[in-house]
2 protein chains.
Amino acid sequence: MTDRAVTRRQRAPRGEGDKLRNQILDAAEKLLVELGSDEAVSVRAIAESVGVTPPSIYRHFEDKDELLYEVCERRFADFNEAMESADVPGDPVAAMRAMGVAYLRFALGHPEHYRVLMMTARERDIKREDSQGKLAFDHLVDATQRCIDAGLCRSDDAVRMAVALWSGVHGLCSLLITARGFPWPAPPEQLAEALLDVQLNGLLKPA
Amino acid sequence: MTDRAVTRRQRAPRGEGDKLRNQILDAAEKLLVELGSDEAVSVRAIAESVGVTPPSIYRHFEDKDELLYEVCERRFADFNEAMESADVPGDPVAAMRAMGVAYLRFALGHPEHYRVLMMTARERDIKREDSQGKLAFDHLVDATQRCIDAGLCRSDDAVRMAVALWSGVHGLCSLLITARGFPWPAPPEQLAEALLDVQLNGLLKPA
DNA sequence: TGTACATCAGTGAACGCGCGTTCACTGATGTAC
DNA sequence: TGTACATCAGTGAACGCGCGTTCACTGATGTAC
């Protein structure tokens with residue numbers, strides 16, 4: 001295989017080790033989305049798709065788990081941005097609804113990331129309290145607290161209310177992702193609207 | 001290994017092929033619960049734990065997927081029984097609440113089964129419309145319809161309302177199962193009560 | 001400016017593994033005559 | 001009652017696979033003198 005020698009990757013100059021690192025993350029993300037599950041993505045396939053040998057991966061990531069976690073965490077930063085821009089000041093109820101819709105859009109737009117990060121338990125994740133997922137939840141608690149402060153809610157426990165909201169939206173997203181064969185009575189966005197109607201009616205004081 | 005010949009399993013008489021079949025299901029279930037995921041359970045481990053060689057499995061099940069699916073489906077029959085006994089006639093609102101609690105109890109009591117059946121997408125499942133999961137959903141729709149018939153609900157779309165309820169309870173269950181490291185503000189049953197308060201307040205007409 | 005040297009990103013080859021599944025078979029159980 | 005035979009549950013051995021990871025290495029890039 002003299003081809004090998006010819007195709008051999010140009011080694012990155014000193015300062016630019018991050019270039020390959022990012023290429024690895026990009027390739028891993030692409031494979032994750034194509035293959036639909038983190039277990040279907042192999043280190044070997046990632047290496048091949050970058051044009052590098054498998055051991056190179058280990059110069060940049062401790063192991064496969066860390067690599068895939070970082071792939072998702074990176075995309076979840078976008079998720080948090082989407083949540084933040086949904087969370088407009090002013091009407092706190094409208095903000096909560098907008099956040100719910102943004103959540104659904106993100107989850108259904110990136111179902112594989114969502115699955116890996118929010119529907120898969122791994123030992124490592126349990127240790128990370130600073131994950132993007134936690135950040136997103138904090139936003140939700142803030143928005144709920146604003147509703148409480150405006151005197152709009154039945155309860156004054158922002159955390160529990162946020163858990164209820166999160167449960168509903170997460171539940172809908174994960175069911176839509178998992179049970180694709182289920183005879184859903186309406187398209188996702190409509191189901192989300194109906195769900196949010198229920199949740200908000202339940203959280204807020206009757207008009 | 002003359003030991004092998006000594007330990008060799010007594011072959012089942014003609015009519016009793018189901019005996020081994022059930023032993024296989026039992027062993028697979030035990031392993032599933034111990035190991036916590038369907039991928040961690042191997043056909044070889046199941047065979048060994050029954051005291052049989054791996055190929056024997058294939059006399060009783062088409063492949064691994066079918067075996068594990070049946071393990072869960074079998075347990076989900078219990079789930080449906082629990083849902084049915086929760087669904088007492090009389091007060092339809094109380095019935096819905098009781099079904100929600102029964103759902104949570106089952107999911108948290110059998111998290112591995114729940115994960116395999118309700119949190120994992122597999123090609124095969126999509127084809128099965130007669131699964132126990134679908135049956136459980138139908139119960140929920142029935143209970144919701146009774147609330148509607150009693151003139152208690154804001155909406156008259158039982159299916160959409162049931163989807164909203166299911167989303168909430170499933171969401172809470174799956175979050176509790178997946179995010180075990182999350183700083184939950186209360187024990188599961190209390191979170192469920194709070195969630196059901198929200199959901200029912202949201203579904204029902206204000207008093 | 002030129003040469004010897006250190007650095008370290010990426011390589012090639014292999015490790016050791018467990019997996020799901022197939023195949024031709026064995027031999028106890030039951031049946032026919 | 002006794003013998004030849006069919007059945008078929010379970011076996012033993014192997015197939016072929018892809019996996020994550022480790023290891024000693026190579027050789028271009030950059031640095032010191």
# chains A, B, ... in the order shown; residues from 1 in each chain; ligands from 1
call {"tool": "interface_residues", "arguments": {"of": "chain C", "to": "chain B", "cutoff": "9 Å", "atoms": "only C-alpha atoms (C1' of nucleotides)", "output": "PyMOL selection string"}}
result
chain C and resi 19-22+28-30
call {"tool": "interface_residues", "arguments": {"of": "chain A", "to": "chain B", "cutoff": "6 Å", "atoms": "only C-alpha atoms", "output": "PyMOL selection string"}}
result
chain A and resi 121+126+164+167-168+170-172+178+181+195+198-199+201-203
call {"tool": "write_last_selection", "arguments": {"atoms": "C-alpha atoms", "output": "mmCIF file, in the first residue's frame"}}
result
data_model
loop_
_atom_site.group_PDB
_atom_site.id
_atom_site.type_symbol
_atom_site.label_atom_id
_atom_site.label_comp_id
_atom_site.auth_asym_id
_atom_site.auth_seq_id
_atom_site.Cartn_x
_atom_site.Cartn_y
_atom_site.Cartn_z
ATOM 1 C CA ALA A 121 -27.800 7.277 31.519
ATOM 2 C CA ILE A 126 -23.951 11.692 36.731
ATOM 3 C CA ALA A 164 -43.569 19.394 35.987
ATOM 4 C CA SER A 167 -41.469 16.393 32.444
ATOM 5 C CA GLY A 168 -44.240 17.230 30.058
ATOM 6 C CA HIS A 170 -39.369 16.092 27.675
ATOM 7 C CA GLY A 171 -41.965 13.343 27.737
ATOM 8 C CA LEU A 172 -43.546 14.491 24.522
ATOM 9 C CA THR A 178 -38.912 6.788 20.299
ATOM 10 C CA GLY A 181 -44.736 4.171 14.645
ATOM 11 C CA LEU A 195 -49.568 20.048 25.940
ATOM 12 C CA VAL A 198 -52.663 21.958 29.593
ATOM 13 C CA GLN A 199 -49.485 22.647 31.514
ATOM 14 C CA ASN A 201 -53.604 26.140 32.579
ATOM 15 C CA GLY A 202 -52.507 23.827 35.345
ATOM 16 C CA LEU A 203 -49.751 26.048 36.619
#
call {"tool": "closest_residue", "arguments": {"among": "B:Glu84, B:Leu20, B:Gly109, B:Ile148", "to": "His60 (chain B)", "atoms": "only C-alpha atoms"}}
result
B:Leu20
call {"tool": "atom_distance", "arguments": {"atom1": "CA of Asp26 (chain A)", "atom2": "CA of Val50 (chain A)"}}
result
8.9 Å
call {"tool": "select_by_dssp", "arguments": {"residues": "region 20-191 of chain A", "states": "alpha helix (DSSP H)", "output": "number ranges by chain"}}
result
A: 20-35, 43-50, 54-60, 64-86, 92-109, 111-118, 123-127, 132-149, 158-178, 188-191
call {"tool": "write_last_selection", "arguments": {"atoms": "C-alpha atoms", "output": "compact mmCIF listing (two decimals), in the first residue's frame"}}
result
# COMPACT_ATOMS: atom_id res chain seq x y z
CA LEU A 20 -7.91 17.83 14.02
CA ARG A 21 -9.76 17.82 17.30
CA ASN A 22 -12.55 19.81 15.75
CA GLN A 23 -12.56 17.67 12.63
CA ILE A 24 -12.97 14.61 14.84
CA LEU A 25 -15.88 16.22 16.65
CA ASP A 26 -17.50 17.18 13.36
CA ALA A 27 -17.10 13.72 11.89
CA ALA A 28 -18.40 12.07 15.04
CA GLU A 29 -21.42 14.32 15.01
CA LYS A 30 -22.14 13.56 11.39
CA LEU A 31 -21.92 9.82 12.04
CA LEU A 32 -24.05 10.12 15.13
CA VAL A 33 -26.80 11.80 13.19
CA GLU A 34 -26.53 9.35 10.30
CA LEU A 35 -26.45 6.21 12.39
CA VAL A 43 -14.00 5.12 16.93
CA ARG A 44 -12.69 3.41 13.82
CA ALA A 45 -15.43 4.88 11.64
CA ILE A 46 -14.80 8.34 13.04
CA ALA A 47 -11.08 8.02 12.37
CA GLU A 48 -11.65 6.78 8.85
CA SER A 49 -14.07 9.55 8.04
CA VAL A 50 -11.51 12.16 9.17
CA PRO A 54 -7.85 5.22 15.15
CA PRO A 55 -5.05 5.80 17.66
CA SER A 56 -4.93 9.46 16.66
CA ILE A 57 -8.29 9.92 18.30
CA TYR A 58 -6.74 9.13 21.64
CA ARG A 59 -4.36 12.06 21.40
CA HIS A 60 -7.39 14.32 21.57
CA LYS A 64 -14.98 7.20 23.12
CA ASP A 65 -17.47 8.21 25.80
CA GLU A 66 -15.80 11.53 26.36
CA LEU A 67 -15.68 12.21 22.64
CA LEU A 68 -19.39 11.57 22.14
CA TYR A 69 -20.32 13.45 25.25
CA GLU A 70 -18.45 16.45 23.94
CA VAL A 71 -20.16 16.18 20.55
CA CYS A 72 -23.52 16.50 22.24
CA GLU A 73 -22.50 19.05 24.79
CA ARG A 74 -21.26 21.28 22.01
CA ARG A 75 -24.60 21.13 20.23
CA PHE A 76 -26.43 21.67 23.47
CA ALA A 77 -24.77 25.01 23.76
CA ASP A 78 -26.86 25.94 20.71
CA PHE A 79 -29.84 24.54 22.51
CA ASN A 80 -29.25 26.85 25.43
CA GLU A 81 -28.92 29.79 23.10
CA ALA A 82 -32.25 28.89 21.54
CA MET A 83 -33.80 28.69 25.00
CA GLU A 84 -32.28 32.00 25.98
CA SER A 85 -33.54 33.82 22.95
CA ALA A 86 -36.98 32.29 23.47
CA PRO A 92 -43.36 35.69 31.63
CA VAL A 93 -46.12 33.32 30.56
CA ALA A 94 -45.40 33.92 26.89
CA ALA A 95 -41.75 33.30 27.69
CA MET A 96 -42.49 29.92 29.21
CA ARG A 97 -44.55 28.89 26.26
CA ALA A 98 -41.87 30.04 23.85
CA MET A 99 -39.26 28.10 25.75
CA GLY A 100 -41.38 24.97 25.54
CA VAL A 101 -41.72 25.33 21.80
CA ALA A 102 -38.00 26.02 21.40
CA TYR A 103 -37.27 22.91 23.42
CA LEU A 104 -39.43 20.73 21.21
CA ARG A 105 -37.98 22.19 18.05
CA PHE A 106 -34.48 21.52 19.20
CA ALA A 107 -35.18 17.98 20.36
CA LEU A 108 -36.96 16.99 17.16
CA GLY A 109 -34.37 18.81 15.05
CA PRO A 111 -33.07 13.69 17.91
CA GLU A 112 -29.80 11.77 18.11
CA HIS A 113 -28.12 14.41 20.24
CA TYR A 114 -31.22 14.60 22.35
CA ARG A 115 -31.24 10.85 22.78
CA VAL A 116 -27.61 10.64 23.81
CA LEU A 117 -27.72 13.54 26.22
CA MET A 118 -31.19 13.35 27.69
CA GLU A 123 -21.90 6.92 34.84
CA ARG A 124 -19.86 9.83 33.68
CA ASP A 125 -22.80 12.16 33.20
CA ILE A 126 -23.95 11.69 36.73
CA LYS A 127 -20.81 13.38 37.97
CA GLN A 132 -25.62 22.23 29.46
CA GLY A 133 -28.73 20.27 30.36
CA LYS A 134 -28.56 21.54 33.88
CA LEU A 135 -28.11 25.09 32.61
CA ALA A 136 -31.24 24.77 30.51
CA PHE A 137 -33.19 23.59 33.50
CA ASP A 138 -32.01 26.61 35.47
CA HIS A 139 -33.40 28.89 32.79
CA LEU A 140 -36.71 27.17 33.14
CA VAL A 141 -36.69 27.64 36.89
CA ASP A 142 -35.93 31.34 36.41
CA ALA A 143 -38.82 31.78 34.01
CA THR A 144 -41.12 29.99 36.42
CA GLN A 145 -39.96 32.16 39.28
CA ARG A 146 -40.85 35.23 37.26
CA CYS A 147 -44.38 33.92 36.83
CA ILE A 148 -44.58 33.39 40.56
CA ASP A 149 -43.23 36.87 41.27
CA ALA A 158 -40.61 27.25 41.24
CA VAL A 159 -38.47 24.14 41.18
CA ARG A 160 -41.36 21.72 41.42
CA MET A 161 -43.30 23.61 38.81
CA ALA A 162 -40.28 23.58 36.52
CA VAL A 163 -39.95 19.83 37.03
CA ALA A 164 -43.57 19.39 35.99
CA LEU A 165 -43.06 21.51 32.88
CA TRP A 166 -39.84 19.80 31.99
CA SER A 167 -41.47 16.39 32.44
CA GLY A 168 -44.24 17.23 30.06
CA VAL A 169 -42.11 18.65 27.30
CA HIS A 170 -39.37 16.09 27.68
CA GLY A 171 -41.96 13.34 27.74
CA LEU A 172 -43.55 14.49 24.52
CA CYS A 173 -40.19 14.88 22.81
CA SER A 174 -38.90 11.52 23.88
CA LEU A 175 -42.11 9.75 22.96
CA LEU A 176 -42.10 11.36 19.53
CA ILE A 177 -38.49 10.34 19.05
CA THR A 178 -38.91 6.79 20.30
CA PRO A 188 -45.68 17.39 16.73
CA GLU A 189 -46.07 21.17 16.94
CA GLN A 190 -49.80 20.84 17.47
CA LEU A 191 -49.29 18.24 20.15
call {"tool": "atom_distance", "arguments": {"atom1": "C1' of DT11 (chain D)", "atom2": "CA of Thr53 (chain B)"}}
result
7.1 Å
